[in-house]
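With mmCIF, C-alpha atoms and all ligand atoms inside, this is protein15.cif:
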```
data_structure
#
loop_
_atom_site.label_atom_id
_atom_site.label_comp_id
_atom_site.auth_asym_id
_atom_site.auth_seq_id
_atom_site.Cartn_x
_atom_site.Cartn_y
_atom_site.Cartn_z
CA MET G 22 118.67 120.65 107.18
CA LYS G 23 117.98 119.86 103.51
CA VAL G 24 118.05 116.16 102.66
CA ALA G 25 117.87 114.63 99.18
CA VAL G 26 116.37 111.14 98.97
CA ILE G 27 117.15 109.35 95.71
CA GLY G 28 114.60 106.67 94.83
CA SER G 29 110.98 106.89 95.99
CA GLY G 30 110.03 103.20 96.18
CA THR G 31 109.25 101.15 99.30
CA MET G 32 112.22 102.50 101.26
CA GLY G 33 112.61 105.96 99.71
CA ASN G 34 109.07 107.05 100.59
CA GLY G 35 109.54 105.92 104.20
CA ILE G 36 112.91 107.69 104.49
CA ALA G 37 111.44 110.91 103.03
CA HIS G 38 108.50 110.59 105.46
CA VAL G 39 110.67 110.39 108.61
CA PHE G 40 113.05 113.19 107.59
CA ALA G 41 110.11 115.47 106.66
CA GLN G 42 108.23 114.62 109.87
CA HIS G 43 111.27 115.72 111.87
CA GLY G 44 111.36 119.15 110.28
CA ASN G 45 113.83 118.64 107.44
CA ALA G 46 113.31 119.96 103.92
CA VAL G 47 113.24 116.85 101.72
CA ALA G 48 113.87 116.64 97.98
CA LEU G 49 112.41 113.30 96.92
CA ILE G 50 113.96 112.27 93.60
CA ASP G 51 113.02 109.45 91.22
CA ILE G 52 113.41 108.86 87.49
CA SER G 53 109.78 107.76 87.47
CA LYS G 54 107.05 110.40 87.89
CA GLU G 55 104.56 107.59 88.64
CA ALA G 56 106.81 106.33 91.47
CA LEU G 57 106.93 109.86 92.94
CA ASP G 58 103.14 110.26 92.80
CA LYS G 59 102.66 106.82 94.35
CA ALA G 60 105.17 107.69 97.09
CA MET G 61 103.28 110.87 98.02
CA LYS G 62 100.02 108.90 98.23
CA THR G 63 101.69 106.30 100.46
CA ILE G 64 103.22 108.96 102.73
CA SER G 65 99.89 110.79 102.99
CA GLY G 66 98.05 107.53 103.79
CA ASN G 67 100.63 106.57 106.43
CA LEU G 68 100.38 110.05 108.01
CA ASP G 69 96.57 109.72 108.05
CA ARG G 70 96.91 106.50 110.05
CA MET G 71 99.21 108.31 112.51
CA VAL G 72 96.64 111.11 112.88
CA THR G 73 93.86 108.56 113.51
CA LYS G 74 96.01 106.86 116.16
CA GLY G 75 96.71 110.25 117.76
CA SER G 76 100.49 110.02 117.37
CA ILE G 77 100.56 113.24 115.28
CA THR G 78 98.08 116.08 114.71
CA ALA G 79 96.40 116.94 111.39
CA ASP G 80 98.54 120.10 111.37
CA GLU G 81 101.73 118.04 111.73
CA LYS G 82 100.60 115.89 108.83
CA GLU G 83 100.23 118.97 106.60
CA LYS G 84 103.60 120.36 107.73
CA THR G 85 105.27 117.01 106.96
CA LEU G 86 103.79 116.90 103.46
CA SER G 87 104.74 120.53 102.79
CA ASN G 88 108.37 119.69 103.69
CA ILE G 89 108.60 117.32 100.69
CA THR G 90 109.32 118.50 97.14
CA LEU G 91 109.36 116.07 94.21
CA TYR G 92 111.99 116.00 91.46
CA THR G 93 112.67 113.80 88.46
CA SER G 94 116.12 115.38 88.01
CA ILE G 95 118.93 114.59 90.47
CA LYS G 96 120.71 117.77 89.42
CA GLU G 97 117.81 119.99 90.48
CA GLY G 98 116.88 117.96 93.56
CA VAL G 99 120.27 117.87 95.27
CA GLN G 100 120.91 121.65 95.12
CA GLY G 101 121.95 122.83 98.61
CA CYS G 102 121.46 119.51 100.43
CA SER G 103 123.70 118.63 103.42
CA LEU G 104 122.85 114.93 103.21
CA ALA G 105 121.86 112.69 100.29
CA VAL G 106 120.34 109.29 101.07
CA GLU G 107 120.28 106.96 98.09
CA ALA G 108 117.47 104.36 98.11
CA ALA G 109 117.32 103.41 94.44
CA THR G 110 117.04 99.90 93.05
CA GLU G 111 119.57 97.37 94.45
CA ASN G 112 121.97 97.19 91.51
CA LEU G 113 125.71 97.77 91.76
CA GLU G 114 126.22 99.55 88.41
CA LEU G 115 123.21 101.82 89.05
CA LYS G 116 124.44 102.77 92.53
CA LEU G 117 127.96 103.51 91.25
CA LYS G 118 126.49 105.72 88.51
CA ILE G 119 124.29 107.59 91.01
CA PHE G 120 127.21 108.14 93.43
CA ARG G 121 129.48 109.46 90.67
CA GLU G 122 126.68 111.86 89.79
CA LEU G 123 126.04 112.87 93.43
CA ASP G 124 129.76 113.42 93.94
CA SER G 125 129.96 115.79 91.00
CA LEU G 126 126.71 117.67 91.82
CA CYS G 127 126.75 118.04 95.62
CA ASP G 128 128.71 120.51 97.71
CA SER G 129 132.05 119.03 98.83
CA ASN G 130 130.82 118.85 102.45
CA THR G 131 127.64 116.93 101.66
CA ILE G 132 127.45 113.47 103.24
CA LEU G 133 126.47 110.77 100.75
CA ALA G 134 124.61 107.85 102.35
CA THR G 135 123.28 104.64 100.83
CA ASN G 136 120.41 102.48 102.06
CA THR G 137 121.81 99.40 100.28
CA SER G 138 121.03 96.02 101.87
CA SER G 139 124.11 94.28 100.59
CA ILE G 140 126.39 96.29 98.30
CA SER G 141 129.80 97.29 99.70
CA VAL G 142 129.80 100.85 101.06
CA THR G 143 133.57 100.89 100.52
CA LYS G 144 133.08 100.06 96.83
CA ILE G 145 130.45 102.81 96.46
CA GLY G 146 132.74 105.30 98.24
CA SER G 147 135.68 104.36 96.01
CA VAL G 148 134.05 105.86 92.89
CA THR G 149 133.75 109.27 94.59
CA GLN G 150 136.31 111.93 95.47
CA ARG G 151 135.02 111.86 99.08
CA PRO G 152 135.11 108.24 100.36
CA ASP G 153 135.47 109.68 103.90
CA LYS G 154 131.96 111.13 103.53
CA VAL G 155 130.27 108.03 102.09
CA ILE G 156 128.40 105.87 104.60
CA GLY G 157 125.58 103.32 104.87
CA MET G 158 122.27 104.29 106.48
CA HIS G 159 120.41 100.98 106.40
CA PHE G 160 116.83 101.75 107.39
CA MET G 161 114.42 98.88 107.99
CA ASN G 162 111.03 98.35 106.35
CA PRO G 163 108.55 99.95 107.17
CA VAL G 164 110.78 102.94 107.86
CA PRO G 165 108.33 105.09 109.89
CA VAL G 166 107.76 102.15 112.27
CA MET G 167 111.10 100.36 112.62
CA LYS G 168 113.50 101.88 115.15
CA LEU G 169 116.82 100.55 113.82
CA VAL G 170 119.24 102.30 111.50
CA GLU G 171 122.28 100.12 110.80
CA VAL G 172 125.00 102.73 110.23
CA ILE G 173 127.69 101.16 108.06
CA ARG G 174 131.20 102.55 108.07
CA GLY G 175 133.04 102.01 104.82
CA TYR G 176 136.79 101.36 105.03
CA SER G 177 137.48 105.08 104.49
CA THR G 178 134.47 106.64 106.28
CA SER G 179 135.71 109.21 108.80
CA ASP G 180 134.94 109.23 112.53
CA ALA G 181 133.42 112.71 112.22
CA VAL G 182 130.99 111.67 109.46
CA THR G 183 130.03 108.52 111.37
CA GLU G 184 129.28 110.62 114.48
CA GLN G 185 127.22 113.07 112.42
CA VAL G 186 125.14 110.26 110.88
CA LEU G 187 124.60 108.59 114.26
CA ASP G 188 123.40 111.95 115.57
CA ILE G 189 121.12 112.59 112.55
CA SER G 190 119.57 109.12 113.03
CA ARG G 191 118.90 109.79 116.73
CA LYS G 192 117.20 113.08 115.82
CA LEU G 193 114.80 111.05 113.65
CA GLY G 194 113.79 109.11 116.77
CA LYS G 195 115.75 106.06 115.58
CA ILE G 196 118.28 103.89 117.36
CA PRO G 197 121.41 103.80 115.22
CA THR G 198 123.91 100.96 115.51
CA GLU G 199 127.42 101.29 114.09
CA VAL G 200 128.81 98.35 112.13
CA ASN G 201 131.74 97.86 109.76
CA ASP G 202 131.44 97.26 106.04
CA TYR G 203 131.69 93.49 105.42
CA PRO G 204 129.27 91.42 103.31
CA GLY G 205 125.71 91.51 104.67
CA PHE G 206 126.78 93.96 107.43
CA ILE G 207 125.16 92.53 110.59
CA ALA G 208 121.41 92.39 109.89
CA ASN G 209 121.55 90.30 106.73
CA ARG G 210 124.67 88.34 107.69
CA ILE G 211 122.68 86.81 110.55
CA LEU G 212 119.15 86.89 109.11
CA MET G 213 119.84 85.36 105.68
CA PRO G 214 121.71 82.23 106.88
CA MET G 215 118.80 81.65 109.29
CA ILE G 216 116.28 81.93 106.43
CA ASN G 217 118.49 79.71 104.23
CA GLU G 218 118.68 77.08 107.00
CA ALA G 219 114.88 77.13 107.35
CA ILE G 220 114.61 76.54 103.57
CA TYR G 221 117.18 73.69 103.78
CA SER G 222 115.13 72.12 106.60
CA LEU G 223 112.06 72.21 104.36
CA TYR G 224 114.06 70.94 101.34
CA GLU G 225 115.34 67.99 103.40
CA SER G 226 111.78 67.30 104.66
CA VAL G 227 112.79 67.72 108.29
CA ALA G 228 109.50 69.56 108.80
CA GLY G 229 106.76 71.36 106.84
CA VAL G 230 106.34 75.10 106.23
CA GLU G 231 103.93 75.68 109.11
CA GLU G 232 105.94 73.50 111.50
CA ILE G 233 109.21 75.35 110.80
CA ASP G 234 107.58 78.76 111.22
CA THR G 235 105.71 77.65 114.37
CA VAL G 236 108.93 76.45 116.04
CA MET G 237 110.61 79.80 115.44
CA LYS G 238 107.55 81.89 116.38
CA LEU G 239 106.59 80.08 119.57
CA GLY G 240 110.00 78.71 120.52
CA MET G 241 112.11 81.82 119.87
CA ALA G 242 109.38 84.47 120.21
CA HIS G 243 109.99 85.72 116.66
CA PRO G 244 107.01 87.79 115.45
CA MET G 245 106.88 85.74 112.24
CA GLY G 246 108.55 82.54 111.08
CA PRO G 247 111.60 82.64 108.77
CA LEU G 248 109.71 81.27 105.75
CA GLN G 249 106.94 83.85 106.06
CA LEU G 250 109.56 86.56 106.54
CA ALA G 251 111.39 85.36 103.40
CA ASP G 252 108.10 85.68 101.47
CA PHE G 253 107.72 89.24 102.77
CA ILE G 254 111.28 90.28 101.90
CA GLY G 255 111.02 88.65 98.46
CA LEU G 256 112.76 85.36 97.62
CA ASP G 257 114.73 87.02 94.81
CA VAL G 258 116.08 89.57 97.31
CA CYS G 259 117.01 86.77 99.77
CA LEU G 260 118.80 84.89 96.98
CA ALA G 261 120.70 88.00 95.85
CA ILE G 262 121.89 88.73 99.41
CA LEU G 263 122.96 85.10 99.97
CA LYS G 264 125.00 85.33 96.76
CA VAL G 265 126.71 88.46 98.10
CA LEU G 266 127.59 86.59 101.34
CA HIS G 267 128.73 83.50 99.40
CA ASP G 268 130.90 85.51 96.97
CA GLY G 269 132.18 87.92 99.63
CA PHE G 270 133.33 85.33 102.16
CA GLY G 271 133.94 82.40 99.77
CA ASN G 272 132.50 80.13 102.46
CA PRO G 273 130.18 77.27 101.38
CA LYS G 274 128.04 77.77 104.49
CA TYR G 275 126.36 80.69 102.68
CA ALA G 276 125.50 78.66 99.53
CA PRO G 277 121.82 79.31 98.71
CA CYS G 278 119.57 76.27 99.11
CA PRO G 279 118.70 74.73 95.68
CA LEU G 280 115.00 74.96 96.62
CA LEU G 281 115.32 78.76 96.97
CA VAL G 282 117.07 78.93 93.59
CA ASN G 283 114.30 76.83 92.00
CA MET G 284 111.53 78.97 93.44
CA VAL G 285 113.13 82.19 92.20
CA THR G 286 113.71 80.66 88.75
CA ALA G 287 110.04 79.62 88.65
CA GLY G 288 108.96 83.18 89.53
CA ASN G 289 107.57 82.24 92.96
CA LEU G 290 109.05 85.24 94.72
CA GLY G 291 106.83 85.38 97.82
CA LYS G 292 104.12 87.89 98.67
CA LYS G 293 104.80 90.27 95.76
CA SER G 294 104.31 87.50 93.16
CA GLY G 295 101.29 85.94 94.91
CA SER G 296 103.08 82.75 95.92
CA GLY G 297 106.18 81.59 97.80
CA PHE G 298 106.15 79.33 100.83
CA TYR G 299 102.60 80.59 101.37
CA ASP G 300 99.84 81.36 98.87
CA TYR G 301 98.71 85.01 98.78
CA SER G 302 96.06 84.67 96.06
CA GLY G 303 93.35 85.17 98.69
CA GLY G 304 94.83 88.54 99.74
CA GLY G 305 97.26 87.17 102.35
CA LYS G 306 95.11 87.93 105.40
CA GLU G 307 94.98 84.24 106.30
CA LEU G 308 98.19 82.17 106.12
CA VAL G 309 97.76 79.40 103.55
CA VAL G 310 100.69 77.12 102.76
CA ALA G 311 101.49 77.12 99.01
CA SER G 312 100.25 74.03 97.16
CA ASN G 313 103.82 72.75 96.47
CA PHE G 314 104.32 72.35 100.22
CA ARG G 315 100.88 71.10 101.29
CA LYS G 316 100.71 67.58 102.68
CA ASP G 317 97.22 66.98 101.24
CA ILE G 318 98.55 67.58 97.72
CA SER G 319 101.35 65.55 96.13
CA VAL G 320 104.52 67.43 97.03
CA ASN G 321 106.45 68.83 94.10
CA HIS G 322 109.69 70.51 94.98
N1 LIG O 401 112.56 96.75 100.62
C1 LIG O 401 113.19 96.51 101.76
O1 LIG O 401 112.64 95.84 102.67
C2 LIG O 401 114.56 97.08 101.99
C3 LIG O 401 115.05 97.14 103.31
C4 LIG O 401 116.30 97.74 103.54
C5 LIG O 401 117.03 98.24 102.47
N2 LIG O 401 116.54 98.15 101.18
C6 LIG O 401 117.34 98.74 100.11
O2 LIG O 401 116.75 99.99 99.74
C7 LIG O 401 117.00 100.27 98.36
C8 LIG O 401 115.66 100.53 97.67
O3 LIG O 401 114.85 99.38 97.81
P1 LIG O 401 113.26 99.45 97.60
O4 LIG O 401 112.73 98.17 98.15
O5 LIG O 401 112.74 100.74 98.09
O6 LIG O 401 113.19 99.40 96.00
P2 LIG O 401 111.98 99.85 95.06
O7 LIG O 401 112.11 99.02 93.83
O8 LIG O 401 110.68 99.84 95.80
O9 LIG O 401 112.31 101.38 94.70
C9 LIG O 401 113.43 101.75 93.96
C10 LIG O 401 113.13 103.08 93.29
O10 LIG O 401 114.35 103.58 92.73
C11 LIG O 401 114.00 104.27 91.54
N3 LIG O 401 115.19 104.47 90.70
C12 LIG O 401 115.79 103.58 89.89
N4 LIG O 401 116.85 104.17 89.26
C13 LIG O 401 116.90 105.45 89.71
C14 LIG O 401 117.74 106.56 89.43
N5 LIG O 401 118.75 106.48 88.56
N6 LIG O 401 117.49 107.74 90.05
C15 LIG O 401 116.46 107.85 90.92
N7 LIG O 401 115.62 106.83 91.22
C16 LIG O 401 115.84 105.64 90.62
C17 LIG O 401 112.91 103.40 90.91
O11 LIG O 401 112.16 104.13 89.95
C18 LIG O 401 112.10 102.99 92.15
O12 LIG O 401 111.03 103.88 92.38
C19 LIG O 401 117.77 99.07 97.82
O13 LIG O 401 119.13 99.35 97.86
C20 LIG O 401 117.41 97.95 98.81
O14 LIG O 401 118.42 96.96 98.88
C21 LIG O 401 115.31 97.59 100.93
#
```

Is it possible to express this structure as structure tokens?
Amino acid sequence: MKVAVIGSGTMGNGIAHVFAQHGNAVALIDISKEALDKAMKTISGNLDRMVTKGSITADEKEKTLSNITLYTSIKEGVQGCSLAVEAATENLELKLKIFRELDSLCDSNTILATNTSSISVTKIGSVTQRPDKVIGMHFMNPVPVMKLVEVIRGYSTSDAVTEQVLDISRKLGKIPTEVNDYPGFIANRILMPMINEAIYSLYESVAGVEEIDTVMKLGMAHPMGPLQLADFIGLDVCLAILKVLHDGFGNPKYAPCPLLVNMVTAGNLGKKSGSGFYDYSGGGKELVVASNFRKDISVNH
């Protein structure tokens, strides 16, 4: 099968990697040549690690890489593809523009999937002439490692297309889970209120950063605490998803904590900016609580 992956950032390179590793011809498309080159380096490095671990052979690595072709033009990249998976920047107008383009360029049978974390699949489908063939394939980060694909049925997505996408996901060695298209789907509808509640607990001084994360790690067997996870996801991304839940349901229980809003406004976005609930200036290998939340320093939040 030929698959077009639109966007070669964090998610796009992982999605291209798994499709290529499972024998599909992949057209990896990005407007940025630098992003494409970086993606190929990341994929090659991740395949090297798999070879070292013995999970694939050096020959399989080469075959996987040779299955991927890079394009900076959507028009050229999508020629002859049976499935397009969009993983471009999370921005409604951009996604609508890309889907209008995909709809006009792809064969009428091509399934158009989006990896969006929070934008309505129904809304994306509504700008195409084929809303029955528009669906969410929500891969998790890092894609080659994480088993789940949240398969999101838009209001008009057909049963046949849903079955096909569930089947395609299984063939990638993933475990697909079908959910309906409502704000946050399932993953973020449950995860983000938990993260927001952890931030509220900190904001109300119920406990400190380490204490909150320790309770959830040791008490609930979560691999990392909610505040550390928020830093990894990016606090701006968490805020944007909470806004989608808040707007979509109109329920005050989803209102983002003012502390989260303040941190995003101040540019403390978590790991990617060097500071969030923890301080990553030392490389992030050791968990160090950010100075704003340290008890030995006057607290300023
Ligand atoms: N990062 C995560 O943990 C995660 C998890 C699940 C889903 N998602 C979703 O995946 C999507 C991509 O997220 P990401 O973290 O990989 O973003 P990213 O910023 O790492 O990558 C986005 C890429 O899209 C490219 N792009 C922008 N406009 C484009 C266009 N018109 N045509 C082609 N490429 C274009 C950019 O150049 C960039 O390389 C988003 O919808 C996001 O919500 C992200």

Protein and nucleic residues near ligand LIG 401 (chain O), 9 Å, only C-alpha atoms and all ligand atoms, as number ranges by chain: G: 26-35, 50-57, 60, 93-95, 107-112, 115-116, 118-119, 135-140, 158-164, 253-255, 258, 262

Stretch 225-231 of chain G environment, 8 Å, all atoms listed in the file, sequence neighbours closer than 6 positions dropped, as a PyMOL selection string: chain G and resi 248+298+310+314

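Considering only C-alpha atoms, the residue among G:Glu218, G:His243, G:Asp202, G:Asp252 positioned nearest to G:Pro279 is G:Glu218.
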
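Surrounding residues of (128.3, 105.4, 94.6) at most 7 Å away are Lys116, Leu117, Lys118, Ile119, Phe120, Arg121, Ile145, Gly146, Val148 and Thr149 of chain G (based on all atoms listed in the file).
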
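Note that the spacing between atom CA of G:Asn283 and atom CA of G:Asn313 amounts to 12.1 Å.
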
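Closest approach to G:Pro152 among G:Gly295, G:Pro165, G:Gly175, G:Gly303 is made by G:Gly175 (distances from all atoms listed in the file).
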
Name all residues at most 12 Å from G:Ser296 (count all atoms listed in the file; drop same-chain ones fewer than 3 positions away) and give them as a PyMOL selection string. chain G and resi 248-249+251-253+255-256+284-285+287-293+299-305+308-314

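One finds atom CA of G:Leu250 at 24.2 Å from atom CA of G:Phe270.
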
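Separating atom CA of G:Val186 from atom CA of G:Gly98 is a distance of 20.7 Å.
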
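In this comparison, which uses all atoms listed in the file, the residue of G:His38, G:Ile216, G:Arg315, G:Leu169 approaching G:Thr198 most closely is G:Leu169.
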
Under the rule that all atoms listed in the file are counted, which of G:Ile211, G:Met245, G:Val182, G:Leu91 is the nearest residue to G:Met61? G:Leu91

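A search radius of 10 Å centred on (119.5, 82.8, 104.8), applied to all atoms listed in the file, returns the residues G:Asn209, G:Arg210, G:Ile211, G:Leu212, G:Met213, G:Pro214, G:Met215, G:Ile216, G:Asn217, G:Glu218, G:Ala219, G:Ile220, G:Tyr221, G:Pro247, G:Leu248, G:Ala251, G:Cys259, G:Leu260, G:Ile262, G:Leu263, G:Leu266, G:Lys274, G:Tyr275, G:Ala276, G:Pro277, G:Cys278, G:Leu281.
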
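Comparing the minimum interatomic distances between G:Asn88 and each of G:Leu280, G:Ala48, G:Leu126, G:Ala181, counting only C-alpha atoms, we find that G:Ala48 sits nearest.
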